[in-house]
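Undergrad: Data file model_7.cif (mmCIF, C-alpha atoms) is appended below.
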```
data_my_file
#
loop_
_atom_site.label_atom_id
_atom_site.label_comp_id
_atom_site.auth_asym_id
_atom_site.auth_seq_id
_atom_site.Cartn_x
_atom_site.Cartn_y
_atom_site.Cartn_z
CA MET C 10 12.36 13.44 -8.34
CA LEU C 11 11.99 9.77 -9.03
CA ALA C 12 9.71 7.47 -7.09
CA VAL C 13 9.61 3.73 -7.44
CA ALA C 14 7.03 1.44 -5.84
CA VAL C 15 7.62 -2.19 -5.02
CA LEU C 16 5.28 -4.85 -3.66
CA ILE C 17 6.66 -6.30 -0.44
CA PRO C 18 6.66 -10.07 0.02
CA PRO C 19 3.85 -11.09 2.39
CA THR C 20 6.24 -12.44 5.02
CA ASN C 21 7.90 -9.02 5.42
CA VAL C 22 4.57 -7.24 5.79
CA ALA C 23 3.36 -9.82 8.26
CA SER C 24 6.39 -9.23 10.47
CA GLN C 25 6.03 -5.44 10.24
CA SER C 26 2.33 -5.47 11.00
CA ALA C 27 2.42 -8.27 13.58
CA GLN C 28 3.04 -5.90 16.44
CA HIS C 29 0.16 -3.70 15.26
CA ASP C 30 -2.32 -6.52 14.69
CA SER C 31 -1.14 -9.24 17.06
CA ILE C 32 -4.59 -10.83 17.42
CA GLN C 33 -5.39 -10.87 13.72
CA ALA C 34 -6.19 -14.27 12.18
CA ASN C 35 -5.83 -15.34 8.54
CA ALA C 36 -8.88 -13.26 7.60
CA THR C 37 -10.20 -10.04 9.11
CA GLN C 38 -13.30 -7.94 8.59
CA ILE C 39 -13.38 -4.52 6.92
CA ALA C 40 -16.31 -2.15 6.94
CA PRO C 41 -18.88 -2.58 4.17
CA SER C 42 -19.00 0.06 1.45
CA THR C 43 -22.78 0.28 1.70
CA SER C 44 -25.14 -0.27 4.60
CA ASP C 45 -26.81 -3.33 3.04
CA ARG C 46 -23.58 -5.25 2.35
CA LYS C 47 -21.89 -7.58 4.80
CA PRO C 48 -18.34 -6.74 5.83
CA GLN C 49 -15.92 -8.55 3.57
CA LYS C 50 -13.07 -10.74 4.74
CA VAL C 51 -9.54 -9.58 4.08
CA TYR C 52 -7.10 -12.42 3.51
CA HIS C 53 -3.36 -12.67 3.65
CA ILE C 54 -1.43 -14.05 0.70
CA GLY C 55 -0.30 -17.63 1.06
CA GLY C 56 -1.70 -21.12 1.04
CA ASP C 57 -4.73 -21.14 -1.25
CA VAL C 58 -4.76 -17.30 -1.55
CA LYS C 59 -2.85 -16.16 -4.63
CA ALA C 60 -1.39 -12.63 -4.75
CA PRO C 61 -2.99 -9.88 -6.83
CA ARG C 62 -1.09 -8.62 -9.88
CA VAL C 63 -0.57 -4.93 -10.63
CA ILE C 64 -2.30 -3.94 -13.88
CA SER C 65 -1.61 -0.21 -13.71
CA SER C 66 0.34 1.91 -11.26
CA PHE C 67 0.92 5.60 -10.78
CA GLN C 68 4.06 7.22 -9.42
CA PRO C 69 3.79 9.98 -6.80
CA SER C 70 4.22 13.48 -8.20
CA LEU C 71 5.26 16.73 -6.56
CA SER C 72 5.03 20.32 -7.70
CA GLU C 73 8.25 22.25 -8.34
CA GLU C 74 7.58 24.22 -5.14
CA GLN C 75 7.25 21.04 -3.07
CA ILE C 76 10.50 19.71 -4.54
CA ARG C 77 12.28 23.00 -3.70
CA GLN C 78 10.99 22.84 -0.12
CA LEU C 79 12.14 19.26 0.30
CA ARG C 80 15.60 20.03 -1.09
CA SER C 81 16.01 23.03 1.21
CA GLY C 82 14.95 21.11 4.32
CA LYS C 83 17.91 20.23 6.51
CA LYS C 84 16.30 17.11 7.97
CA VAL C 85 15.08 15.62 4.70
CA ALA C 86 17.11 12.80 3.22
CA LYS C 87 17.75 12.70 -0.51
CA ARG C 88 16.60 9.09 -0.62
CA GLY C 89 14.14 7.14 1.46
CA SER C 90 11.13 4.85 1.50
CA THR C 91 7.57 4.91 2.70
CA ILE C 92 6.10 1.51 3.51
CA LEU C 93 2.35 1.18 3.20
CA ARG C 94 -0.11 -1.54 4.18
CA ILE C 95 -2.88 -1.67 1.59
CA VAL C 96 -6.10 -3.63 1.15
CA VAL C 97 -6.86 -4.64 -2.42
CA GLY C 98 -10.56 -5.41 -2.87
CA GLU C 99 -12.02 -8.30 -4.80
CA ASP C 100 -12.62 -5.84 -7.65
CA GLY C 101 -8.89 -5.02 -7.89
CA THR C 102 -9.10 -1.50 -6.45
CA VAL C 103 -7.16 -0.26 -3.43
CA ARG C 104 -9.71 0.06 -0.61
CA SER C 105 -7.37 1.46 2.03
CA ALA C 106 -3.76 2.45 2.57
CA LYS C 107 -1.96 3.11 5.84
CA VAL C 108 1.62 4.15 6.54
CA LEU C 109 3.60 1.45 8.35
CA GLU C 110 6.96 3.15 8.07
CA SER C 111 7.28 6.88 7.37
CA PHE C 112 9.92 8.64 5.30
CA ASN C 113 8.52 12.17 5.26
CA ARG C 114 4.96 13.21 6.07
CA ASP C 115 4.44 15.06 2.77
CA LEU C 116 5.94 12.23 0.74
CA ASP C 117 3.96 9.65 2.71
CA ALA C 118 0.76 11.43 1.68
CA LYS C 119 1.91 11.48 -1.96
CA ALA C 120 2.67 7.75 -1.80
CA ILE C 121 -0.83 7.00 -0.46
CA GLU C 122 -2.42 9.25 -3.09
CA ALA C 123 -0.57 7.43 -5.89
CA VAL C 124 -1.11 3.88 -4.60
CA LYS C 125 -4.86 4.45 -4.19
CA GLN C 126 -5.01 4.93 -7.99
CA TRP C 127 -3.45 1.54 -8.72
CA LYS C 128 -5.48 -1.20 -10.36
CA PHE C 129 -4.90 -4.90 -9.73
CA GLU C 130 -5.93 -8.22 -11.15
CA PRO C 131 -7.64 -9.42 -7.94
CA ALA C 132 -6.20 -11.97 -5.55
CA LEU C 133 -7.82 -15.38 -5.83
CA LYS C 134 -8.81 -17.94 -3.23
CA LYS C 135 -9.73 -21.23 -4.88
CA GLY C 136 -10.35 -19.32 -8.11
CA VAL C 137 -12.69 -16.73 -6.52
CA PRO C 138 -11.64 -13.04 -6.24
CA VAL C 139 -11.02 -11.98 -2.63
CA ALA C 140 -9.77 -8.90 -0.77
CA VAL C 141 -6.18 -9.13 0.50
CA GLU C 142 -3.84 -7.11 2.65
CA LEU C 143 -0.29 -6.59 1.46
CA GLY C 144 2.60 -4.20 1.71
CA VAL C 145 3.97 -1.68 -0.76
CA GLN C 146 7.29 0.09 -0.50
CA VAL C 147 7.54 3.43 -2.31
CA ASP C 148 11.15 4.53 -2.77
CA PHE C 149 11.89 8.22 -3.26
CA HIS C 150 15.04 9.54 -4.92
CA LEU C 151 15.35 13.35 -5.01
CA TYR C 152 17.74 14.68 -7.65
CA LYS C 153 18.89 18.21 -8.44
#
```
Could you express the structure from this file as structure tokens?
TA:
Amino acid sequence: MLAVAVLIPPTNVASQSAQHDSIQANATQIAPSTSDRKPQKVYHIGGDVKAPRVISSFQPSLSEEQIRQLRSGKKVAKRGSTILRIVVGEDGTVRSAKVLESFNRDLDAKAIEAVKQWKFEPALKKGVPVAVELGVQVDFHLYK
């Protein structure tokens, strides 16, 4: 199996998530990680918000048994993509990941597991690190 992950341009993610978050403004609130912290704003890339840069990424991995099960499944495609919406915190870690477009439930879970291990150079707004929401497409290619 080969899996490739690609960052999706912000305009594509915005159109995919627009129906889900139709009342969302340029910045939203996410829950604080501790009770004494204020919720942080989550920005969208564009204008004075510069995109984060991937420093390290991990590819999804499956056991030999999982690969056998996927190959034997009649409804499983040999190639497909899972599209995730992620929030990258001001510290460059992935705070959350949600499936926007599913390929296969088991592979979706593997994509989330892998992307949550990614490290980023944080997004910047006027030179200050900020949390941003963006899309990631994880492409799966299953080979014999």
Undergrad: Write out as a list in words each polymer residue whose atoms come within 9 Å of C:Asp117, counting all atoms listed in the file; drop sequence neighbours fewer than 2 positions from it.
TA: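 Listed by chain and then number, they are Ser90, Thr91, Ile92, Leu93, Val108, Glu110, Ser111, Phe112, Asn113, Arg114, Asp115, Lys119, Ala120, Ile121, Glu122 and Val147 of chain C.
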Undergrad: Quick one: distance from atom CA of C:Ala140 to atom CA of C:Lys50 in Å, one decimal?
TA: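 If I compute the distance from atom CA of C:Ala140 to atom CA of C:Lys50, I get 6.7 Å.
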Undergrad: Select all residues near (-0.9, -13.1, -3.3) (cut-off 10 Å, inclusive, file coordinates), counting all atoms listed in the file, and output them as a ChimeraX atom specification.
TA: /C:18-19,52-62,131-134,141-143
Undergrad: What gap, in Å, lies between atom CA of C:His150 and atom CA of C:Lys87?
TA: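 Atom CA of C:His150 sits 6.1 Å away from atom CA of C:Lys87.
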Undergrad: Restricting the calculation to only C-alpha atoms, which member of C:Val63, C:Val97, C:Val103, C:Val139 is positioned closest to C:Gln126?
TA: C:Val103
Undergrad: Give me, please, the distance in Å between atom CA of C:Asp100 and atom CA of C:Pro69, quoted to one decimal.
TA: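 Atom CA of C:Pro69 lies at a distance of 22.8 Å from atom CA of C:Asp100.
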